[in-house]
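The data block below is query.cif; it holds mmCIF, C-alpha atoms (C1' of nucleotides) and all ligand atoms.
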data_structure
loop_
_atom_site.label_atom_id
_atom_site.label_comp_id
_atom_site.auth_asym_id
_atom_site.auth_seq_id
_atom_site.Cartn_x
_atom_site.Cartn_y
_atom_site.Cartn_z
CA MET A 1 18.78 4.35 51.27
CA ASP A 2 21.76 2.25 50.35
CA LYS A 3 22.98 2.65 46.80
CA ALA A 4 24.30 -0.91 46.55
CA LEU A 5 20.84 -2.13 47.39
CA LEU A 6 19.28 -0.24 44.53
CA GLU A 7 21.88 -1.70 42.22
CA LYS A 8 21.06 -5.15 43.48
CA PHE A 9 17.41 -4.53 42.67
CA LYS A 10 18.28 -3.32 39.19
CA ASP A 11 20.41 -6.42 38.72
CA THR A 12 17.56 -8.64 39.76
CA LEU A 13 15.25 -6.96 37.30
CA HIS A 14 17.82 -7.30 34.58
CA THR A 15 18.74 -10.93 35.17
CA ASN A 16 15.06 -11.83 35.22
CA GLY A 17 14.34 -10.00 31.99
CA MET A 18 12.09 -7.49 33.70
CA LYS A 19 12.07 -3.82 32.78
CA CYS A 20 13.66 -1.26 35.01
CA THR A 21 10.78 1.22 35.15
CA PRO A 22 10.38 4.48 37.08
CA ALA A 23 7.37 3.01 38.91
CA ARG A 24 9.37 0.04 40.15
CA LEU A 25 12.33 2.10 41.17
CA SER A 26 10.31 4.62 43.12
CA ILE A 27 8.27 1.96 44.87
CA PHE A 28 11.49 0.23 45.82
CA LYS A 29 12.96 3.45 47.17
CA GLU A 30 9.81 4.23 49.07
CA ILE A 31 9.85 0.82 50.72
CA TYR A 32 13.50 1.03 51.64
CA SER A 33 13.17 4.59 52.94
CA SER A 34 12.26 3.19 56.37
CA SER A 35 12.27 -0.08 58.27
CA GLU A 36 8.67 0.14 59.45
CA HIS A 37 6.05 -2.44 58.59
CA PHE A 38 3.58 -1.33 55.94
CA ASP A 39 0.72 -2.47 53.74
CA ALA A 40 0.11 -1.90 50.05
CA ASP A 41 -2.21 1.06 50.49
CA GLU A 42 0.24 2.87 52.73
CA ILE A 43 2.80 2.79 49.97
CA TYR A 44 0.16 3.85 47.46
CA PHE A 45 -0.81 6.91 49.54
CA ARG A 46 2.70 7.86 50.58
CA MET A 47 3.66 7.96 46.94
CA ARG A 48 0.83 10.18 45.82
CA GLN A 49 1.63 12.58 48.65
CA GLU A 50 5.16 12.76 47.35
CA LYS A 51 3.79 13.40 43.85
CA LYS A 52 5.20 10.10 42.64
CA SER A 53 1.85 8.49 41.99
CA VAL A 54 1.60 4.96 40.75
CA SER A 55 -1.56 2.92 40.48
CA ARG A 56 -2.63 0.51 43.15
CA ALA A 57 -2.29 -2.32 40.66
CA THR A 58 1.35 -1.45 40.14
CA VAL A 59 1.99 -1.26 43.87
CA TYR A 60 0.54 -4.73 44.33
CA ARG A 61 2.38 -6.10 41.32
CA THR A 62 5.68 -4.65 42.46
CA LEU A 63 5.22 -5.94 45.99
CA ASP A 64 4.71 -9.42 44.59
CA LEU A 65 7.86 -9.06 42.57
CA LEU A 66 9.81 -7.89 45.60
CA VAL A 67 8.55 -10.72 47.78
CA GLU A 68 9.32 -13.19 45.03
CA ASN A 69 12.91 -11.95 44.91
CA GLY A 70 13.52 -11.66 48.62
CA PHE A 71 13.62 -7.88 48.95
CA VAL A 72 10.47 -7.76 51.03
CA SER A 73 8.69 -10.27 53.18
CA LYS A 74 5.13 -10.67 54.29
CA VAL A 75 4.43 -10.17 57.97
CA ASN A 76 1.30 -11.51 59.56
CA VAL A 77 0.24 -9.07 62.26
CA GLY A 78 -3.33 -10.29 62.41
CA ALA A 79 -4.61 -7.48 60.19
CA SER A 80 -7.09 -7.79 57.34
CA GLN A 81 -4.54 -6.50 54.86
CA VAL A 82 -1.26 -8.23 54.16
CA HIS A 83 1.61 -6.42 55.84
CA PHE A 84 5.18 -6.27 54.63
CA GLU A 85 8.62 -5.23 55.73
CA ASN A 86 11.86 -4.88 53.84
CA THR A 87 14.30 -7.69 54.49
CA LEU A 88 17.71 -6.58 53.38
CA ALA A 89 18.06 -3.44 55.49
CA GLN A 90 17.49 -5.33 58.72
CA GLU A 91 18.27 -8.63 60.35
CA HIS A 92 15.82 -11.49 60.41
CA HIS A 93 13.54 -11.25 63.43
CA GLU A 94 10.19 -12.28 64.90
CA HIS A 95 7.32 -10.22 66.29
CA LEU A 96 5.36 -9.54 69.43
CA VAL A 97 2.07 -7.80 68.57
CA CYS A 98 -0.11 -6.07 71.13
CA THR A 99 -3.72 -6.86 70.33
CA GLN A 100 -4.89 -3.79 72.20
CA CYS A 101 -2.79 -0.92 70.83
CA GLY A 102 -1.16 -2.57 67.82
CA LYS A 103 2.37 -2.00 69.05
CA VAL A 104 4.91 -4.27 67.38
CA ILE A 105 8.08 -5.40 69.15
CA GLU A 106 10.77 -7.17 67.18
CA PHE A 107 13.07 -9.79 68.62
CA ARG A 108 15.59 -12.35 67.60
CA ASN A 109 16.38 -15.60 69.35
CA ASP A 110 19.06 -17.97 68.12
CA MET A 111 17.92 -20.88 70.18
CA ILE A 112 14.50 -20.76 68.55
CA GLU A 113 16.15 -20.61 65.14
CA LYS A 114 18.32 -23.62 65.94
CA GLN A 115 15.42 -25.66 67.23
CA GLN A 116 13.58 -24.99 64.01
CA ASP A 117 16.46 -26.36 61.99
CA LYS A 118 16.50 -29.41 64.19
CA ILE A 119 12.81 -29.98 63.67
CA CYS A 120 13.05 -29.57 59.92
CA LYS A 121 15.89 -32.09 59.78
CA LYS A 122 13.85 -34.54 61.78
CA PHE A 123 11.01 -34.37 59.26
CA GLY A 124 13.22 -34.17 56.17
CA PHE A 125 11.65 -30.78 55.55
CA PHE A 126 13.48 -28.09 53.60
CA PRO A 127 12.56 -24.73 55.14
CA THR A 128 12.39 -21.61 53.00
CA LYS A 129 10.98 -19.14 55.49
CA HIS A 130 9.18 -18.96 58.79
CA ASN A 131 7.08 -16.66 60.90
CA LEU A 132 6.77 -16.61 64.64
CA ILE A 133 4.29 -14.15 66.00
CA ILE A 134 3.27 -13.78 69.60
CA PHE A 135 0.03 -11.92 70.31
CA GLY A 136 -0.74 -10.43 73.68
CA LEU A 137 -0.66 -7.23 75.70
CA CYS A 138 2.29 -4.86 75.83
CA ASP A 139 3.43 -3.44 79.17
CA LYS A 140 1.35 -0.29 78.84
CA CYS A 141 -1.85 -2.05 77.85
CA GLN A 142 -1.57 -4.39 80.82
CA LEU A 143 -1.80 -1.40 83.13
CA ARG A 144 -4.70 0.26 81.31
CA ASP A 145 -8.25 -1.14 81.81
CA ASN A 146 -9.09 -4.77 82.62
CA MET B 1 -16.68 -36.78 69.77
CA ASP B 2 -16.27 -36.39 73.49
CA LYS B 3 -19.46 -35.86 75.45
CA ALA B 4 -17.79 -33.80 78.20
CA LEU B 5 -16.59 -31.42 75.53
CA LEU B 6 -20.10 -30.81 74.26
CA GLU B 7 -21.19 -30.15 77.83
CA LYS B 8 -18.36 -27.68 78.22
CA PHE B 9 -19.55 -25.86 75.13
CA LYS B 10 -23.11 -25.78 76.41
CA ASP B 11 -21.84 -24.42 79.71
CA THR B 12 -19.93 -21.69 77.94
CA LEU B 13 -23.01 -20.70 76.00
CA HIS B 14 -25.04 -20.67 79.16
CA THR B 15 -22.64 -18.72 81.33
CA ASN B 16 -22.28 -16.13 78.58
CA GLY B 17 -26.03 -15.74 78.19
CA MET B 18 -25.98 -17.16 74.68
CA LYS B 19 -28.62 -19.47 73.36
CA CYS B 20 -27.97 -23.14 72.87
CA THR B 21 -29.27 -23.48 69.33
CA PRO B 22 -29.33 -26.46 66.95
CA ALA B 23 -27.16 -24.54 64.49
CA ARG B 24 -24.44 -23.92 67.08
CA LEU B 25 -24.50 -27.44 68.38
CA SER B 26 -24.22 -29.04 64.98
CA ILE B 27 -21.43 -26.71 63.88
CA PHE B 28 -19.59 -27.54 67.08
CA LYS B 29 -20.02 -31.27 66.50
CA GLU B 30 -18.93 -30.96 62.91
CA ILE B 31 -15.75 -29.15 63.93
CA TYR B 32 -14.90 -31.63 66.64
CA SER B 33 -15.65 -34.62 64.42
CA SER B 34 -12.04 -34.52 63.22
CA SER B 35 -8.72 -32.91 64.07
CA GLU B 36 -7.99 -31.65 60.57
CA HIS B 37 -7.52 -28.00 59.74
CA PHE B 38 -10.47 -26.40 57.96
CA ASP B 39 -11.89 -23.14 56.71
CA ALA B 40 -15.38 -21.69 57.08
CA ASP B 41 -16.60 -22.83 53.69
CA GLU B 42 -15.50 -26.40 54.28
CA ILE B 43 -17.72 -26.55 57.33
CA TYR B 44 -20.54 -24.92 55.38
CA PHE B 45 -20.36 -27.52 52.60
CA ARG B 46 -19.81 -30.51 54.85
CA MET B 47 -22.95 -29.58 56.74
CA ARG B 48 -25.17 -29.24 53.71
CA GLN B 49 -23.94 -32.63 52.49
CA GLU B 50 -24.98 -34.10 55.79
CA LYS B 51 -28.37 -32.39 55.43
CA LYS B 52 -27.67 -30.21 58.43
CA SER B 53 -27.56 -26.97 56.47
CA VAL B 54 -26.84 -23.70 58.17
CA SER B 55 -26.17 -20.40 56.48
CA ARG B 56 -22.68 -19.16 55.80
CA ALA B 57 -23.31 -16.22 58.10
CA THR B 58 -24.06 -18.58 60.94
CA VAL B 59 -20.93 -20.60 60.26
CA TYR B 60 -18.81 -17.44 60.41
CA ARG B 61 -20.60 -16.17 63.49
CA THR B 62 -20.23 -19.47 65.29
CA LEU B 63 -16.57 -19.75 64.39
CA ASP B 64 -15.99 -16.29 65.90
CA LEU B 65 -17.75 -17.40 69.02
CA LEU B 66 -15.68 -20.56 69.25
CA VAL B 67 -12.41 -18.71 68.75
CA GLU B 68 -13.47 -16.15 71.32
CA ASN B 69 -14.02 -18.90 73.83
CA GLY B 70 -10.96 -20.98 73.09
CA PHE B 71 -12.63 -23.98 71.43
CA VAL B 72 -11.07 -23.25 68.09
CA SER B 73 -7.99 -21.37 66.99
CA LYS B 74 -6.99 -19.64 63.82
CA VAL B 75 -4.13 -21.18 61.89
CA ASN B 76 -2.17 -19.25 59.33
CA VAL B 77 -1.20 -21.65 56.56
CA GLY B 78 -0.56 -18.95 54.01
CA ALA B 79 -3.97 -19.38 52.40
CA SER B 80 -6.30 -16.59 51.33
CA GLN B 81 -9.01 -17.81 53.66
CA VAL B 82 -8.64 -18.00 57.42
CA HIS B 83 -8.02 -21.56 58.55
CA PHE B 84 -8.98 -23.06 61.86
CA GLU B 85 -8.41 -26.11 63.99
CA ASN B 86 -10.05 -27.28 67.14
CA THR B 87 -7.96 -26.78 70.22
CA LEU B 88 -9.31 -28.93 73.00
CA ALA B 89 -9.08 -32.31 71.29
CA GLN B 90 -5.38 -31.92 70.67
CA GLU B 91 -2.26 -30.55 72.26
CA HIS B 92 -0.84 -27.15 71.33
CA HIS B 93 1.54 -27.42 68.38
CA GLU B 94 3.16 -25.52 65.53
CA HIS B 95 3.15 -26.18 61.78
CA LEU B 96 5.38 -27.02 58.88
CA VAL B 97 3.63 -26.26 55.59
CA CYS B 98 4.82 -27.50 52.22
CA THR B 99 4.37 -24.71 49.71
CA GLN B 100 4.34 -27.20 46.86
CA CYS B 101 1.79 -29.82 47.85
CA GLY B 102 0.15 -28.16 50.84
CA LYS B 103 1.07 -30.94 53.25
CA VAL B 104 0.92 -29.84 56.88
CA ILE B 105 3.14 -31.39 59.54
CA GLU B 106 2.50 -30.62 63.17
CA PHE B 107 5.19 -30.47 65.82
CA ARG B 108 5.74 -29.43 69.37
CA ASN B 109 8.95 -28.15 70.90
CA ASP B 110 9.24 -27.23 74.54
CA MET B 111 12.45 -25.32 74.19
CA ILE B 112 10.84 -22.97 71.69
CA GLU B 113 7.93 -22.50 74.06
CA LYS B 114 10.25 -21.72 76.94
CA GLN B 115 12.28 -19.23 74.94
CA GLN B 116 9.08 -17.44 74.03
CA ASP B 117 8.19 -17.04 77.69
CA LYS B 118 11.63 -15.71 78.35
CA ILE B 119 11.32 -13.15 75.58
CA CYS B 120 7.91 -12.01 76.74
CA LYS B 121 9.21 -11.55 80.28
CA LYS B 122 12.08 -9.51 78.97
CA PHE B 123 9.72 -7.10 77.22
CA GLY B 124 7.08 -7.09 79.94
CA PHE B 125 4.73 -8.55 77.36
CA PHE B 126 1.74 -10.69 78.38
CA PRO B 127 1.31 -13.36 75.69
CA THR B 128 -2.14 -14.70 74.88
CA LYS B 129 -1.34 -16.86 71.87
CA HIS B 130 1.31 -17.47 69.29
CA ASN B 131 1.85 -19.00 65.89
CA LEU B 132 5.01 -20.46 64.50
CA ILE B 133 4.81 -21.57 60.93
CA ILE B 134 7.64 -22.85 58.83
CA PHE B 135 7.14 -22.87 55.07
CA GLY B 136 9.22 -25.02 52.77
CA LEU B 137 9.29 -28.29 50.88
CA CYS B 138 8.34 -31.63 52.36
CA ASP B 139 10.51 -34.68 51.75
CA LYS B 140 8.52 -35.83 48.71
CA CYS B 141 8.42 -32.44 47.04
CA GLN B 142 12.19 -32.11 47.35
CA LEU B 143 12.61 -35.22 45.20
CA ARG B 144 10.05 -34.19 42.57
CA ASP B 145 10.92 -31.50 39.95
CA ASN B 146 13.96 -29.17 39.95
"C1'" DA C 1 -47.54 -25.26 79.33
"C1'" DC C 2 -47.92 -20.33 77.76
"C1'" DT C 3 -46.08 -15.75 76.81
"C1'" DG C 4 -43.03 -12.19 75.90
"C1'" DT C 5 -38.87 -10.82 74.33
"C1'" DA C 6 -34.26 -10.51 73.23
"C1'" DA C 7 -31.06 -13.47 70.82
"C1'" DT C 8 -30.43 -15.99 66.63
"C1'" DT C 9 -31.01 -17.13 62.00
"C1'" DG C 10 -30.96 -16.99 56.74
"C1'" DA C 11 -30.89 -14.48 52.56
"C1'" DA C 12 -29.18 -11.14 50.33
"C1'" DA C 13 -26.81 -6.83 50.16
"C1'" DC C 14 -22.59 -4.98 51.21
"C1'" DT C 15 -17.47 -4.13 52.18
"C1'" DC C 16 -12.96 -3.90 51.11
"C1'" DA C 17 -8.45 -5.92 50.00
"C1'" DT C 18 -6.65 -7.78 46.17
"C1'" DT C 19 -6.62 -9.36 41.32
"C1'" DC C 20 -7.78 -9.06 36.62
"C1'" DT C 21 -8.72 -6.93 32.04
"C1'" DC C 22 -7.50 -4.41 28.41
"C1'" DA C 23 -6.34 -0.33 25.92
"C1'" DT C 24 -2.36 2.58 26.04
"C1'" DT C 25 2.39 3.56 27.01
"C1'" DT C 26 7.23 2.58 27.31
"C1'" DA C 27 11.92 0.27 28.17
"C1'" DG C 28 15.31 -1.40 25.92
"C1'" DA C 29 17.07 -4.67 22.23
"C1'" DA C 30 18.33 -4.54 17.48
"C1'" DT D 1 15.03 5.20 15.32
"C1'" DT D 2 12.03 1.30 15.19
"C1'" DC D 3 9.81 -2.53 16.94
"C1'" DT D 4 7.81 -5.36 20.31
"C1'" DA D 5 6.98 -7.53 24.46
"C1'" DA D 6 6.51 -5.94 29.02
"C1'" DA D 7 4.50 -2.66 32.10
"C1'" DT D 8 1.12 0.59 33.42
"C1'" DG D 9 -3.38 2.80 34.92
"C1'" DA D 10 -8.24 2.93 35.31
"C1'" DG D 11 -11.70 0.67 36.48
"C1'" DA D 12 -14.25 -3.76 36.56
"C1'" DA D 13 -14.31 -8.08 38.82
"C1'" DT D 14 -13.52 -11.31 42.52
"C1'" DG D 15 -14.08 -13.41 46.81
"C1'" DA D 16 -13.71 -13.87 51.77
"C1'" DG D 17 -15.94 -12.12 55.30
"C1'" DT D 18 -19.51 -8.89 57.50
"C1'" DT D 19 -23.75 -6.52 57.99
"C1'" DT D 20 -28.70 -5.77 57.63
"C1'" DC D 21 -33.17 -6.81 58.63
"C1'" DA D 22 -37.36 -9.37 58.76
"C1'" DA D 23 -38.70 -13.79 60.45
"C1'" DT D 24 -37.89 -17.38 63.79
"C1'" DT D 25 -36.86 -19.37 68.20
"C1'" DA D 26 -34.76 -20.41 72.90
"C1'" DC D 27 -35.81 -19.89 77.24
"C1'" DA D 28 -36.80 -16.90 81.54
"C1'" DG D 29 -40.62 -15.77 84.05
"C1'" DT D 30 -45.33 -16.56 84.88
ZN ZN E 201 9.53 -6.68 61.78
ZN ZN E 202 13.21 -16.69 62.87
ZN ZN E 203 -2.43 -28.05 63.54
ZN ZN E 204 3.80 -22.94 70.57
#
Represent the structure of the file as structure tokens.
Ligand SMILES: [Zn+2]
Ligand SMILES: [Zn+2]
Ligand SMILES: [Zn+2]
Ligand SMILES: [Zn+2]
Amino acid sequence: MDKALLEKFKDTLHTNGMKCTPARLSIFKEIYSSSEHFDADEIYFRMRQEKKSVSRATVYRTLDLLVENGFVSKVNVGASQVHFENTLAQEHHEHLVCTQCGKVIEFRNDMIEKQQDKICKKFGFFPTKHNLIIFGLCDKCQLRDN
Amino acid sequence: MDKALLEKFKDTLHTNGMKCTPARLSIFKEIYSSSEHFDADEIYFRMRQEKKSVSRATVYRTLDLLVENGFVSKVNVGASQVHFENTLAQEHHEHLVCTQCGKVIEFRNDMIEKQQDKICKKFGFFPTKHNLIIFGLCDKCQLRDN
DNA sequence: ACTGTAATTGAAACTCATTCTCATTTAGAA
DNA sequence: TTCTAAATGAGAATGAGTTTCAATTACAGT
């Protein structure tokens, strides 16, 4: 995990008058230790396995804080829990989600991005974020059963 | 509300071996009485006001059934409850959602649709549905406050 | 029209992700 | 080192949605 990133997080905490606690730092590191999507409980369990336990409440509170400050973003993959992914270690992208096996494919398309800007301009809308998610069947699941 | 649409619903019930009950019919009519977005509880309360009470469980069960059969689709507007909108009384579209006042603007963009097809082809992905939602500030909310 | 029966319903119990409460601990300013 | 507001953990609470189950009902077959 990138050292500059950790510094940026510490800065954010500092400039917002928030304390730089061990819990926050280790949650941050855990999240930035991979680029996979995750939910709150996954982080909670991964951390206890690594003997760096924090309470669920703190995981949720820290996730909020990270979303609020742009380090993490919410990803709707049609699950009952909110899913997240870190934002600064990877480029902005959208998702294809297989409703059969859960596989997630990421993609990026500049034309779609541009059209969105165009649309926002048309409506005098100031966009802050967006999600495009396409549900369907991945190549493998199309071959399996009906 | 369109009579042919109600017949189509009855047909669907029939061909799927489901019973055509008063509860289902009145929930269907309620949903197709407007093109607004709604959540399960809204339908529940609207119906008791109109003295056509059904239980919450039945509202949820009927909504599932309607989604399953393409009469209604889920709309993610960033709320804690699942939102819905009817699909057959209006064209497919995407959403702009103002995070300040909750205003929802609907739009349609063929180029975005085409690009999605292209992407799915590229990944051998068979799309069944998609959601594009852009969060931000509507024109009015940009003028208000900071 | 009448019957039998499986589907549907309502009420209430339940689930489970997330949020809240509050007593205790702690980061970090002075 | 001291002080204090912020953060934490444990567990209670919330709330959307689901499940259970006994009672009701649509409707296929007579
Ligand atoms: Zn992703
Ligand atoms: Zn995008
Ligand atoms: Zn809409
Ligand atoms: Zn579309």
Taking only C-alpha atoms (C1' of nucleotides) and all ligand atoms and a cut-off of 10 Å, can you tell me which residues surround ligand ZN 204 (chain E), written as a list in words?
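So, counting only C-alpha atoms (C1' of nucleotides) and all ligand atoms, the residues near ligand ZN 204 (chain E) are Leu132, Ile133 and Ile134 of chain A; Glu91, His92, His93, Glu94, His95, Phe107, Arg108, Asn109, Asp110, Met111, Ile112, Glu113, Lys114, Gln116, Lys129, His130, Asn131, Leu132 and Ile133 of chain B.
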Within 10 Å of (6.7, 6.8, 43.1) (coordinates as in the file), grab all the protein and nucleic acid residues, counting all atoms listed in the file, and write them out as a ChimeraX atom specification.
/A:22-30,43-55,59
Within 8 Å of ligand ZN 201 (chain E), counting only C-alpha atoms (C1' of nucleotides) and all ligand atoms: which residues, as a PyMOL selection string?
chain A and resi 35-37+75+85+93-95+104-106
Using only C-alpha atoms (C1' of nucleotides): which of D:DA23, D:DA6, D:DA16, D:DA28 has the shortest distance to DA6 (chain C)
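Once distances to DA6 (chain C) are computed over only C-alpha atoms (C1' of nucleotides), the minimum belongs to D:DA28.
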Pick out the residues sitting within 12 Å of DC22 (chain C), and hand them over as a VMD selection string; count all atoms listed in the file, and ignore anything fewer than 2 positions along from it in its own chain.
(chain C and resid 20 24) or (chain D and resid 8 to 12)
For each of B:Asp41, B:Glu68, B:Asp139, B:Glu7, take the minimum atom-to-atom distance to chain D, counting all atoms listed in the file, then give the residue where this is smallest.
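Closest candidate: B:Asp41.
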Point-to-point distance in Å for CA of Phe84 (chain B) and CA of Val72 (chain B)
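Result for CA of Val72 (chain B) versus CA of Phe84 (chain B): 6.6 Å, one decimal.
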Please return, as a list in words, all residues of chain D lying within 12 Å of chain B when only C-alpha atoms (C1' of nucleotides) are considered.
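Close enough to count are DG15, DA16, DG17, DT18, DT19, DT20, DT24, DT25, DA26, DC27 and DA28 of chain D.
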Under the rule that only C-alpha atoms and all ligand atoms are counted, which of A:Lys3, A:Gln115, A:Asn16, A:Lys121 is the nearest residue to ligand ZN 202 (chain E)?
A:Gln115
Find, counting all atoms listed in the file, the residue in A:Ser34, A:Gln100, A:Asn69, A:Thr128 that gets nearest to ligand ZN 202 (chain E).
A:Thr128
Select, from B:Asn76, B:Ile119, B:Gly102, B:Cys141, the residue with the minimum atom-to-atom distance to ligand ZN 203 (chain E), counting only C-alpha atoms and all ligand atoms.
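Ranked by minimum distance to ligand ZN 203 (chain E), first place goes to B:Asn76.
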Distance-based interface of chain C with chain A, 8 Å, counting all atoms listed in the file, as a list in words
DA17, DA27 and DG28 of chain C
Between CA of Thr87 (chain A) and CA of Phe126 (chain A), measure the distance and give it in Å to one decimal.
20.4 Å
Please compute the C1' of DT8 (chain C)-CA of Ala89 (chain B) distance, one decimal, in Å.
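If I compute the distance from C1' of DT8 (chain C) to CA of Ala89 (chain B), I get 27.3 Å.
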With distances taken over all atoms listed in the file, which of B:Phe71, B:Val77, B:Asp39, B:Ala4 is nearest to ligand ZN 203 (chain E)?
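Closest to ligand ZN 203 (chain E) of all the choices is B:Val77.
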Near Cys138 (chain B), counting only C-alpha atoms (C1' of nucleotides), which residues have an atom at most 8 Å away, once you skip same-chain residues fewer than 6 positions from it, shown as a ChimeraX atom specification?
/A:123-126 /B:97-98,103
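Once DT3 (chain C) and its same-chain neighbours fewer than 2 positions away are set aside, C:DA1, C:DT5, D:DG29, D:DT30 remain within 10 Å of it when counting all atoms listed in the file.
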